[in-house]
Amino acid sequence: MELDGRVVVVTGGTRGVGAGIARAFLRAGARVIVCARRPPDDAVTDGGREAAFIPLDLRKPAEVCAFFADVRERYGRLDVLVNNAGGTPYRLLGEGDAERHARVVELNLTAPLTVSLAAYELLRASRGSVLMIGSVSGTRPSPGTAAYGAAKAGLENLARSMAVEWSPEVRVNTLVLGMVRTELSHLHYGDEDGIAAVGATVPLGRLAEPADVGEAAVFLSSDRAAYVSGASLLVHGGGERPAFLDAATVNKES
């Protein structure tokens with residue numbers, strides 16, 4: 001299999017996008033470790049193979065270092081780190097103080113930096129790769145999730161700088177995600193009608209599935225992408241139709 005025997009860590013890999021990424025790596029033959037603060041209700045599995053779970057609070061640097069020491073002890077190597085953990089509630093800037101918004105930045109930007117630094121020596125030894133899970137929120141206005149968008153913009157820039165500093169031993173890339181259907185989609189898009197309506201705004205006609213993200217993650221982590229580093233791969237179904245096309249009073253389709 002494509003990644004047979006490789007060791008992969010997926011942060012926040014117990015549900016949603018992270019679980020989809022973990023399952024894709026399992027299908028590709030990798031040994032997968034997922035981490036989160038709490039264990040999943042059900043193990044992350046695919047095709048009879050199961051991801052190992054190790055608890056971890058990414059915002060505690062000492063725990064992060066101990067986690068990778070544990071990975072070294074158990075597996076002897078690390079080939080791929082996927083910095084997937086993150087997220088934010090909907091909160092307008094004026095509805096929270098700076099400290100509350102800073103916690104969003106801590107989870108979505110500072111924590112991936114902390115994790116990457118802790119994993120560096122293992123990745124360098126294997127000539128492995130880091131994959132950041134970014135967002136289109138980092139490339140466009142993000143009202144209601146402004147701190148999240150700012151963090152994702154910083155994450156993409158961090159990945160590009162890291163790719164230069166850590167080359168040629170470690171490749172670093174970013175998956176820039178659009179809207180993905182997960183068990184939490186209703187919090188952002190509403191009921192099934194809302195989810196379908198939002199999906200219809202995407203050129204490909206639907207939200208991404210976690211498996212779509214997982215397949216792209218496997219590609220960027222595999223030897224097929226051996227010359228790809230410092231790149232940002234858009235996984236957004238074609239993006240968004242420009243609003244002015246619908247607002248204009250000319251050039252309408254009949």
# chains A, B, ... in the order shown; residues from 1 in each chain; ligands from 1

call {"tool": "closest_atom_pairs", "arguments": {"of": "stretch 61-114 of chain A", "to": "stretch 127-131 of chain A", "cutoff": "10 Å", "atoms": "only C-alpha atoms", "output": "tab-separated table"}}
result
residue	atom	partner	partner_atom	distance
A:Arg77	CA	A:Gly128	CA	9.7
A:Leu78	CA	A:Gly128	CA	7.3
A:Asp79	CA	A:Gly128	CA	4.5
A:Val80	CA	A:Ser129	CA	5.0
A:Leu81	CA	A:Val130	CA	4.8
A:Val82	CA	A:Leu131	CA	4.7
A:Asn83	CA	A:Leu131	CA	6.1
A:Asn84	CA	A:Leu131	CA	8.2
A:Pro112	CA	A:Leu131	CA	10.0

call {"tool": "select_by_dssp", "arguments": {"residues": "stretch 18-251 of chain A", "states": "strand (DSSP E)", "output": "PyMOL selection string"}}
result
chain A and resi 31-36+45-46+49-50+52-55+80-83+129-135+171-177+232-235

call {"tool": "write_last_selection", "arguments": {"atoms": "N, CA, C and O atoms", "output": "short mmCIF file (atom, residue, chain, number, x, y, z; two decimals), in the first residue's frame"}}
result
data_model
loop_
_atom_site.label_atom_id
_atom_site.label_comp_id
_atom_site.auth_asym_id
_atom_site.auth_seq_id
_atom_site.Cartn_x
_atom_site.Cartn_y
_atom_site.Cartn_z
N ARG A 31 0.45 3.33 9.86
CA ARG A 31 0.10 3.19 11.26
C ARG A 31 -0.25 4.58 11.77
O ARG A 31 0.56 5.50 11.67
N VAL A 32 -1.45 4.74 12.30
CA VAL A 32 -1.99 6.07 12.60
C VAL A 32 -2.22 6.22 14.08
O VAL A 32 -2.80 5.34 14.74
N ILE A 33 -1.78 7.37 14.60
CA ILE A 33 -2.05 7.76 15.98
C ILE A 33 -2.90 9.02 15.94
O ILE A 33 -2.53 10.00 15.27
N VAL A 34 -4.03 9.01 16.62
CA VAL A 34 -4.85 10.21 16.75
C VAL A 34 -4.79 10.70 18.18
O VAL A 34 -4.65 9.91 19.12
N CYS A 35 -4.87 12.01 18.36
CA CYS A 35 -4.82 12.57 19.71
C CYS A 35 -5.88 13.66 19.85
O CYS A 35 -6.25 14.34 18.89
N ALA A 36 -6.38 13.78 21.06
CA ALA A 36 -7.36 14.79 21.44
C ALA A 36 -7.40 14.80 22.95
O ALA A 36 -6.81 13.94 23.61
N THR A 45 -11.60 3.66 12.67
CA THR A 45 -11.22 2.45 11.97
C THR A 45 -11.49 2.58 10.48
O THR A 45 -12.30 3.41 10.05
N ASP A 46 -10.84 1.71 9.71
CA ASP A 46 -11.13 1.60 8.29
C ASP A 46 -10.57 0.28 7.78
O ASP A 46 -9.41 -0.03 8.01
N ARG A 49 -8.67 -1.99 10.14
CA ARG A 49 -7.50 -1.41 10.79
C ARG A 49 -7.96 -0.27 11.69
O ARG A 49 -8.93 0.42 11.40
N GLU A 50 -7.24 -0.06 12.79
CA GLU A 50 -7.67 0.90 13.81
C GLU A 50 -6.55 1.87 14.16
O GLU A 50 -5.38 1.48 14.30
N ALA A 52 -4.56 4.21 16.71
CA ALA A 52 -4.30 4.27 18.15
C ALA A 52 -4.68 5.65 18.66
O ALA A 52 -4.56 6.65 17.95
N PHE A 53 -5.15 5.69 19.90
CA PHE A 53 -5.50 6.97 20.52
C PHE A 53 -4.59 7.23 21.71
O PHE A 53 -4.39 6.36 22.56
N ILE A 54 -4.02 8.44 21.75
CA ILE A 54 -3.23 8.89 22.90
C ILE A 54 -3.77 10.25 23.31
O ILE A 54 -3.82 11.17 22.49
N PRO A 55 -4.22 10.41 24.56
CA PRO A 55 -4.79 11.71 24.98
C PRO A 55 -3.73 12.81 24.99
O PRO A 55 -2.56 12.55 25.33
N VAL A 80 4.79 11.36 9.25
CA VAL A 80 3.87 12.43 8.86
C VAL A 80 3.19 13.00 10.10
O VAL A 80 2.71 12.24 10.95
N LEU A 81 3.17 14.32 10.17
CA LEU A 81 2.41 15.02 11.20
C LEU A 81 1.33 15.84 10.50
O LEU A 81 1.63 16.67 9.64
N VAL A 82 0.07 15.60 10.87
CA VAL A 82 -1.04 16.38 10.34
C VAL A 82 -1.58 17.27 11.46
O VAL A 82 -2.17 16.78 12.43
N ASN A 83 -1.35 18.56 11.32
CA ASN A 83 -1.86 19.54 12.30
C ASN A 83 -3.29 19.90 11.94
O ASN A 83 -3.55 20.91 11.27
N SER A 129 7.17 14.60 6.62
CA SER A 129 6.47 15.81 6.19
C SER A 129 5.48 16.28 7.25
O SER A 129 4.98 15.49 8.06
N VAL A 130 5.20 17.57 7.21
CA VAL A 130 4.19 18.21 8.04
C VAL A 130 3.08 18.69 7.11
O VAL A 130 3.35 19.25 6.04
N LEU A 131 1.84 18.46 7.53
CA LEU A 131 0.70 18.95 6.77
C LEU A 131 -0.17 19.81 7.68
O LEU A 131 -0.69 19.34 8.70
N MET A 132 -0.29 21.08 7.35
CA MET A 132 -1.17 21.99 8.06
C MET A 132 -2.56 21.95 7.44
O MET A 132 -2.69 21.91 6.21
N ILE A 133 -3.59 21.95 8.28
CA ILE A 133 -4.96 22.03 7.77
C ILE A 133 -5.42 23.47 7.89
O ILE A 133 -5.75 23.96 8.97
N GLY A 134 -5.39 24.15 6.77
CA GLY A 134 -5.77 25.55 6.72
C GLY A 134 -7.23 25.73 6.34
O GLY A 134 -8.02 24.78 6.36
N SER A 135 -7.60 26.94 5.98
CA SER A 135 -8.99 27.25 5.66
C SER A 135 -9.06 28.44 4.73
O SER A 135 -8.22 29.35 4.79
N ARG A 171 9.42 18.10 4.42
CA ARG A 171 8.51 18.87 3.57
C ARG A 171 7.35 19.40 4.41
O ARG A 171 6.90 18.74 5.34
N VAL A 172 6.87 20.60 4.07
CA VAL A 172 5.76 21.21 4.80
C VAL A 172 4.78 21.80 3.79
O VAL A 172 5.17 22.59 2.92
N ASN A 173 3.52 21.41 3.89
CA ASN A 173 2.49 21.90 2.98
C ASN A 173 1.20 22.20 3.75
O ASN A 173 1.05 21.83 4.92
N THR A 174 0.27 22.86 3.07
CA THR A 174 -1.02 23.23 3.67
C THR A 174 -2.16 22.79 2.77
O THR A 174 -2.11 23.00 1.56
N LEU A 175 -3.16 22.18 3.38
CA LEU A 175 -4.44 21.96 2.70
C LEU A 175 -5.36 23.11 3.09
O LEU A 175 -5.65 23.29 4.28
N VAL A 176 -5.80 23.89 2.13
CA VAL A 176 -6.69 25.02 2.39
C VAL A 176 -8.12 24.57 2.12
O VAL A 176 -8.53 24.40 0.96
N LEU A 177 -8.88 24.35 3.20
CA LEU A 177 -10.19 23.75 3.07
C LEU A 177 -11.29 24.78 2.92
O LEU A 177 -11.26 25.85 3.53
N SER A 232 0.28 25.36 -1.05
CA SER A 232 -1.06 25.42 -0.47
C SER A 232 -2.03 24.85 -1.50
O SER A 232 -2.21 25.42 -2.57
N LEU A 233 -2.63 23.70 -1.17
CA LEU A 233 -3.54 23.03 -2.08
C LEU A 233 -4.97 23.36 -1.68
O LEU A 233 -5.41 23.04 -0.58
N LEU A 234 -5.70 24.00 -2.58
CA LEU A 234 -7.10 24.36 -2.32
C LEU A 234 -7.99 23.14 -2.47
O LEU A 234 -8.01 22.48 -3.51
N VAL A 235 -8.73 22.83 -1.40
CA VAL A 235 -9.71 21.75 -1.43
C VAL A 235 -11.05 22.38 -1.07
O VAL A 235 -11.52 22.30 0.07
#

call {"tool": "select_by_dssp", "arguments": {"residues": "stretch 36-221 of chain A", "states": "helix (DSSP H, G or I)", "output": "MDAnalysis selection string"}}
result
chainID A and resid 61:75 93:95 98:126 136:138 146:165 185:189 192:199 210:221

call {"tool": "closest_residue", "arguments": {"among": "A:Glu240, A:Val180, A:Ser222, A:Arg37", "to": "A:Val64", "atoms": "only C-alpha atoms"}}
result
A:Arg37
